[in-house]
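Here is protein.pdb, consisting of PDB, C-alpha atoms:
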ATOM      1  CA  MET A   1    -139.139 139.437 -83.835  1.00  0.00           C
ATOM      2  CA  ALA A   2    -137.684 138.841 -80.397  1.00  0.00           C
ATOM      3  CA  THR A   3    -134.125 137.744 -80.084  1.00  0.00           C
ATOM      4  CA  ALA A   4    -132.831 135.183 -77.642  1.00  0.00           C
ATOM      5  CA  THR A   5    -131.237 137.845 -75.425  1.00  0.00           C
ATOM      6  CA  GLU A   6    -134.451 139.796 -74.896  1.00  0.00           C
ATOM      7  CA  ILE A   7    -136.242 139.143 -71.578  1.00  0.00           C
ATOM      8  CA  PRO A   8    -140.057 139.013 -71.657  1.00  0.00           C
ATOM      9  CA  GLY A   9    -141.820 141.935 -69.918  1.00  0.00           C
ATOM     10  CA  TRP A  10    -143.501 139.851 -67.257  1.00  0.00           C
ATOM     11  CA  LEU A  11    -140.170 138.344 -66.189  1.00  0.00           C
ATOM     12  CA  GLN A  12    -138.695 141.835 -65.827  1.00  0.00           C
ATOM     13  CA  TYR A  13    -141.495 142.744 -63.406  1.00  0.00           C
ATOM     14  CA  ILE A  14    -140.922 139.594 -61.372  1.00  0.00           C
ATOM     15  CA  SER A  15    -137.159 140.138 -61.217  1.00  0.00           C
ATOM     16  CA  ALA A  16    -137.737 143.753 -60.148  1.00  0.00           C
ATOM     17  CA  ALA A  17    -140.096 142.634 -57.355  1.00  0.00           C
ATOM     18  CA  ALA A  18    -137.776 139.875 -56.055  1.00  0.00           C
ATOM     19  CA  PRO A  19    -135.900 142.103 -53.552  1.00  0.00           C
ATOM     20  CA  LEU A  20    -139.220 143.335 -52.184  1.00  0.00           C
ATOM     21  CA  ALA A  21    -140.458 139.744 -51.837  1.00  0.00           C
ATOM     22  CA  ILE A  22    -137.273 138.827 -49.955  1.00  0.00           C
ATOM     23  CA  LEU A  23    -137.716 141.817 -47.661  1.00  0.00           C
ATOM     24  CA  VAL A  24    -141.346 140.907 -46.947  1.00  0.00           C
ATOM     25  CA  GLY A  25    -140.335 137.292 -46.262  1.00  0.00           C
ATOM     26  CA  ALA A  26    -137.579 138.392 -43.891  1.00  0.00           C
ATOM     27  CA  PHE A  27    -140.014 140.702 -42.086  1.00  0.00           C
ATOM     28  CA  ILE A  28    -142.536 137.875 -41.668  1.00  0.00           C
ATOM     29  CA  ALA A  29    -139.840 135.477 -40.419  1.00  0.00           C
ATOM     30  CA  GLY A  30    -138.534 138.116 -37.997  1.00  0.00           C
ATOM     31  CA  THR A  31    -142.022 138.782 -36.667  1.00  0.00           C
ATOM     32  CA  ILE A  32    -142.643 135.073 -36.126  1.00  0.00           C
ATOM     33  CA  GLY A  33    -139.287 134.761 -34.346  1.00  0.00           C
ATOM     34  CA  LEU A  34    -140.048 137.725 -32.092  1.00  0.00           C
ATOM     35  CA  VAL A  35    -143.493 136.404 -31.182  1.00  0.00           C
ATOM     36  CA  THR A  36    -141.971 133.006 -30.401  1.00  0.00           C
ATOM     37  CA  LEU A  37    -139.331 134.623 -28.180  1.00  0.00           C
ATOM     38  CA  VAL A  38    -141.934 136.636 -26.285  1.00  0.00           C
ATOM     39  CA  GLU A  39    -144.144 133.582 -25.768  1.00  0.00           C
ATOM     40  CA  ARG A  40    -141.217 131.423 -24.643  1.00  0.00           C
ATOM     41  CA  THR A  41    -140.069 134.099 -22.196  1.00  0.00           C
ATOM     42  CA  ARG A  42    -143.567 134.412 -20.782  1.00  0.00           C
ATOM     43  CA  ALA A  43    -143.886 130.635 -20.443  1.00  0.00           C
ATOM     44  CA  ASP A  44    -140.515 130.467 -18.664  1.00  0.00           C
ATOM     45  CA  ARG A  45    -141.538 133.260 -16.294  1.00  0.00           C
ATOM     46  CA  ARG A  46    -144.846 131.518 -15.628  1.00  0.00           C
ATOM     47  CA  ASP A  47    -143.016 128.258 -14.886  1.00  0.00           C
ATOM     48  CA  GLN A  48    -140.747 130.050 -12.411  1.00  0.00           C
ATOM     49  CA  PHE A  49    -143.836 131.656 -10.861  1.00  0.00           C
ATOM     50  CA  TRP A  50    -145.381 128.243 -10.270  1.00  0.00           C
ATOM     51  CA  GLN A  51    -142.158 126.829  -8.807  1.00  0.00           C
ATOM     52  CA  ARG A  52    -142.023 129.738  -6.355  1.00  0.00           C
ATOM     53  CA  LEU A  53    -145.719 129.329  -5.633  1.00  0.00           C
ATOM     54  CA  GLN A  54    -145.288 125.624  -4.854  1.00  0.00           C
ATOM     55  CA  TRP A  55    -142.435 126.425  -2.466  1.00  0.00           C
ATOM     56  CA  ALA A  56    -144.446 129.190  -0.800  1.00  0.00           C
ATOM     57  CA  ILE A  57    -147.484 126.941  -0.321  1.00  0.00           C
ATOM     58  CA  ASP A  58    -145.324 124.168   1.147  1.00  0.00           C
ATOM     59  CA  ALA A  59    -143.652 126.670   3.454  1.00  0.00           C
ATOM     60  CA  ALA A  60    -146.949 128.305   4.470  1.00  0.00           C
ATOM     61  CA  ILE A  61    -148.535 125.007   5.508  1.00  0.00           C
ATOM     62  CA  CYS A  62    -145.438 123.838   7.399  1.00  0.00           C
ATOM     63  CA  THR A  63    -146.604 123.610  11.006  1.00  0.00           C
ATOM     64  CA  SER A  64    -143.288 122.561  12.519  1.00  0.00           C
ATOM     65  CA  ASP A  65    -141.379 125.750  11.661  1.00  0.00           C
ATOM     66  CA  ARG A  66    -143.197 129.033  12.328  1.00  0.00           C
ATOM     67  CA  ILE A  67    -140.494 131.184  10.703  1.00  0.00           C
ATOM     68  CA  ARG A  68    -140.717 129.143   7.494  1.00  0.00           C
ATOM     69  CA  GLN A  69    -144.502 129.352   7.670  1.00  0.00           C
ATOM     70  CA  ARG A  70    -144.478 133.143   8.005  1.00  0.00           C
ATOM     71  CA  THR A  71    -141.903 133.411   5.220  1.00  0.00           C
ATOM     72  CA  GLY A  72    -144.188 131.307   3.029  1.00  0.00           C
ATOM     73  CA  LEU A  73    -147.083 133.650   3.766  1.00  0.00           C
ATOM     74  CA  ILE A  74    -144.977 136.683   2.861  1.00  0.00           C
ATOM     75  CA  VAL A  75    -143.936 135.055  -0.413  1.00  0.00           C
ATOM     76  CA  LEU A  76    -147.569 134.118  -1.143  1.00  0.00           C
ATOM     77  CA  ALA A  77    -148.571 137.761  -0.649  1.00  0.00           C
ATOM     78  CA  ARG A  78    -145.821 138.949  -3.003  1.00  0.00           C
ATOM     79  CA  LEU A  79    -146.686 136.353  -5.621  1.00  0.00           C
ATOM     80  CA  GLY A  80    -150.325 137.395  -5.402  1.00  0.00           C
ATOM     81  CA  SER A  81    -149.390 140.858  -6.652  1.00  0.00           C
ATOM     82  CA  SER A  82    -147.261 139.540  -9.523  1.00  0.00           C
ATOM     83  CA  ASP A  83    -148.291 140.339 -13.094  1.00  0.00           C
ATOM     84  CA  LEU A  84    -148.122 136.581 -13.762  1.00  0.00           C
ATOM     85  CA  CYS A  85    -150.794 135.880 -11.154  1.00  0.00           C
ATOM     86  CA  ARG A  86    -154.182 135.408 -12.767  1.00  0.00           C
ATOM     87  CA  ASP A  87    -157.451 136.095 -10.971  1.00  0.00           C
ATOM     88  CA  GLU A  88    -158.096 132.425 -10.163  1.00  0.00           C
ATOM     89  CA  ASP A  89    -154.501 132.097  -8.896  1.00  0.00           C
ATOM     90  CA  ALA A  90    -154.994 135.131  -6.647  1.00  0.00           C
ATOM     91  CA  ASP A  91    -158.180 133.590  -5.243  1.00  0.00           C
ATOM     92  CA  LEU A  92    -156.311 130.366  -4.474  1.00  0.00           C
ATOM     93  CA  LEU A  93    -153.467 132.268  -2.792  1.00  0.00           C
ATOM     94  CA  ARG A  94    -155.909 134.294  -0.730  1.00  0.00           C
ATOM     95  CA  ASP A  95    -157.732 131.141   0.455  1.00  0.00           C
ATOM     96  CA  ILE A  96    -154.470 129.437   1.427  1.00  0.00           C
ATOM     97  CA  ALA A  97    -153.162 132.514   3.217  1.00  0.00           C
ATOM     98  CA  ASP A  98    -156.464 132.990   5.067  1.00  0.00           C
ATOM     99  CA  GLY A  99    -156.491 129.364   6.182  1.00  0.00           C
ATOM    100  CA  VAL A 100    -152.910 129.405   7.407  1.00  0.00           C
ATOM    101  CA  THR A 101    -153.348 132.789   9.087  1.00  0.00           C
ATOM    102  CA  ALA A 102    -156.447 131.529  10.892  1.00  0.00           C
ATOM    103  CA  GLU A 103    -154.445 128.561  12.163  1.00  0.00           C
ATOM    104  CA  LEU A 104    -151.637 130.861  13.327  1.00  0.00           C
ATOM    105  CA  VAL A 105    -154.059 133.159  15.166  1.00  0.00           C
ATOM    106  CA  ASP A 106    -156.170 130.361  16.680  1.00  0.00           C
ATOM    107  CA  GLY A 107    -153.209 128.106  17.370  1.00  0.00           C
ATOM    108  CA  THR A 108    -155.173 125.217  15.911  1.00  0.00           C
ATOM    109  CA  ALA A 109    -152.447 124.045  13.551  1.00  0.00           C
ATOM    110  CA  ALA A 110    -152.202 120.288  13.422  1.00  0.00           C
ATOM    111  CA  PRO A 111    -148.858 118.930  14.613  1.00  0.00           C
ATOM    112  CA  ASP A 112    -146.429 117.662  12.036  1.00  0.00           C
ATOM    113  CA  ASP A 113    -146.472 113.883  11.361  1.00  0.00           C
ATOM    114  CA  ASN A 114    -142.935 113.575  12.736  1.00  0.00           C
ATOM    115  CA  GLU A 115    -143.959 115.315  15.957  1.00  0.00           C
ATOM    116  CA  GLU A 116    -146.904 112.926  16.379  1.00  0.00           C
ATOM    117  CA  THR A 117    -144.666 109.910  15.822  1.00  0.00           C
ATOM    118  CA  ALA A 118    -142.064 111.195  18.294  1.00  0.00           C
ATOM    119  CA  HIS A 119    -144.806 111.915  20.873  1.00  0.00           C
ATOM    120  CA  GLU A 120    -146.296 108.431  20.415  1.00  0.00           C
ATOM    121  CA  GLU A 121    -142.848 106.843  20.806  1.00  0.00           C
ATOM    122  CA  ASP A 122    -142.231 108.843  23.990  1.00  0.00           C
ATOM    123  CA  GLU A 123    -145.559 107.739  25.432  1.00  0.00           C
ATOM    124  CA  ALA A 124    -144.873 104.129  24.494  1.00  0.00           C
ATOM    125  CA  SER A 125    -141.469 104.198  26.197  1.00  0.00           C
ATOM    126  CA  GLY A 126    -142.822 106.066  29.238  1.00  0.00           C
ATOM    127  CA  ASN A 127    -140.867 109.239  28.526  1.00  0.00           C
ATOM    128  CA  SER A 128    -143.888 111.500  28.356  1.00  0.00           C
ATOM    129  CA  LYS A 129    -143.215 115.183  29.048  1.00  0.00           C
ATOM    130  CA  ASN A 130    -146.373 115.499  31.173  1.00  0.00           C
TER
END
Could you rewrite the structure in this file as structure tokens?
Amino acid sequence: MATATEIPGWLQYISAAAPLAILVGAFIAGTIGLVTLVERTRADRRDQFWQRLQWAIDAAICTSDRIRQRTGLIVLARLGSSDLCRDEDADLLRDIADGVTAELVDGTAAPDDNEETAHEEDEASGNSKN
């Protein structure tokens, strides 16, 4: 006959396995936390990549400031070699850089809207530079 102080055999096995179960649970939680941290870091880096890319594109297509335009092209080239740059991103960067470079070489860049407005105002007032 079993007394009230005796623990059933199956409960002894469960109580012996409890520390292992806690360890496995902690390992799983730690792994999930690490994966989340890696993904968040990558997403943050990708977001910063796109902010830099937007600035570089804006700078590269700026026709009123050649230094800014060249700086934008340099930044586009550097971003194109980044590990965050995917193949389709690299194709886009290459197309933009080729287009801007062609305009720089040909000198066919369209004047800035502000330059057109100032030129039109000068012509209207008779202050043409010609």
Exercise. Could you write out as a ChimeraX atom specification the residues that the PyMOL selection byres ((chain A and resi 88-96) around 12) matches in the shown file?
Worked result: /A:46,49-50,53-54,56-61,69,72-87,97-103
Problem set entry | Atom pair atom CA of A:Ala26 / atom CA of A:Ala43: separation (Å) | 25.5 Å
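With atom CA of A:Thr71 on one side and atom CA of A:Arg52 on the other, the separation reads 12.1 Å.
A straight line drawn from atom CA of A:Asp106 to atom CA of A:Cys62 is 15.6 Å long.
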Would you mind putting N, CA and C atoms back on stretch 55-84 of chain A and writing the result as a compact mmCIF listing (two decimals), in the coordinates of the input?
# COMPACT_ATOMS: atom_id res chain seq x y z
N TRP A 55 -143.27 126.32 -3.66
CA TRP A 55 -142.44 126.42 -2.47
C TRP A 55 -143.16 127.21 -1.39
N ALA A 56 -143.78 128.34 -1.77
CA ALA A 56 -144.45 129.19 -0.80
C ALA A 56 -145.62 128.47 -0.14
N ILE A 57 -146.36 127.69 -0.90
CA ILE A 57 -147.48 126.94 -0.32
C ILE A 57 -146.95 125.90 0.64
N ASP A 58 -145.92 125.16 0.25
CA ASP A 58 -145.32 124.17 1.15
C ASP A 58 -144.82 124.82 2.43
N ALA A 59 -144.17 125.96 2.28
CA ALA A 59 -143.65 126.67 3.45
C ALA A 59 -144.79 127.19 4.32
N ALA A 60 -145.84 127.72 3.71
CA ALA A 60 -146.95 128.30 4.47
C ALA A 60 -147.72 127.26 5.26
N ILE A 61 -147.78 126.04 4.78
CA ILE A 61 -148.54 125.01 5.51
C ILE A 61 -147.64 124.18 6.43
N CYS A 62 -146.37 124.53 6.50
CA CYS A 62 -145.44 123.84 7.40
C CYS A 62 -145.77 124.24 8.84
N THR A 63 -146.22 123.29 9.64
CA THR A 63 -146.60 123.61 11.01
C THR A 63 -145.46 123.43 12.00
N SER A 64 -144.39 122.81 11.59
CA SER A 64 -143.29 122.56 12.52
C SER A 64 -142.30 123.72 12.61
N ASP A 65 -142.33 124.64 11.67
CA ASP A 65 -141.38 125.75 11.66
C ASP A 65 -142.15 127.05 11.39
N ARG A 66 -142.39 127.81 12.45
CA ARG A 66 -143.20 129.03 12.33
C ARG A 66 -142.52 130.08 11.46
N ILE A 67 -141.20 130.19 11.52
CA ILE A 67 -140.49 131.18 10.70
C ILE A 67 -140.67 130.85 9.23
N ARG A 68 -140.52 129.57 8.88
CA ARG A 68 -140.72 129.14 7.49
C ARG A 68 -142.16 129.39 7.07
N GLN A 69 -143.08 129.15 7.97
CA GLN A 69 -144.50 129.35 7.67
C GLN A 69 -144.79 130.83 7.39
N ARG A 70 -144.26 131.71 8.23
CA ARG A 70 -144.48 133.14 8.01
C ARG A 70 -143.79 133.60 6.72
N THR A 71 -142.60 133.08 6.46
CA THR A 71 -141.90 133.41 5.22
C THR A 71 -142.73 132.97 4.02
N GLY A 72 -143.31 131.79 4.10
CA GLY A 72 -144.19 131.31 3.03
C GLY A 72 -145.37 132.22 2.81
N LEU A 73 -145.95 132.72 3.89
CA LEU A 73 -147.08 133.65 3.77
C LEU A 73 -146.66 134.96 3.12
N ILE A 74 -145.48 135.44 3.47
CA ILE A 74 -144.98 136.68 2.86
C ILE A 74 -144.77 136.48 1.36
N VAL A 75 -144.17 135.34 1.00
CA VAL A 75 -143.94 135.06 -0.41
C VAL A 75 -145.26 134.89 -1.15
N LEU A 76 -146.24 134.24 -0.52
CA LEU A 76 -147.57 134.12 -1.14
C LEU A 76 -148.17 135.50 -1.42
N ALA A 77 -148.03 136.41 -0.46
CA ALA A 77 -148.57 137.76 -0.65
C ALA A 77 -147.88 138.46 -1.82
N ARG A 78 -146.56 138.31 -1.90
CA ARG A 78 -145.82 138.95 -3.00
C ARG A 78 -146.19 138.32 -4.34
N LEU A 79 -146.32 137.01 -4.36
CA LEU A 79 -146.69 136.35 -5.62
C LEU A 79 -148.10 136.73 -6.05
N GLY A 80 -148.96 136.99 -5.09
CA GLY A 80 -150.32 137.40 -5.40
C GLY A 80 -150.40 138.72 -6.13
N SER A 81 -149.39 139.57 -5.96
CA SER A 81 -149.39 140.86 -6.65
C SER A 81 -148.55 140.84 -7.93
N SER A 82 -148.06 139.67 -8.31
CA SER A 82 -147.26 139.54 -9.52
C SER A 82 -148.13 139.70 -10.77
N ASP A 83 -147.54 140.21 -11.84
CA ASP A 83 -148.29 140.34 -13.09
C ASP A 83 -148.56 138.97 -13.72
N LEU A 84 -147.89 137.93 -13.25
CA LEU A 84 -148.12 136.58 -13.76
C LEU A 84 -149.27 135.88 -13.04
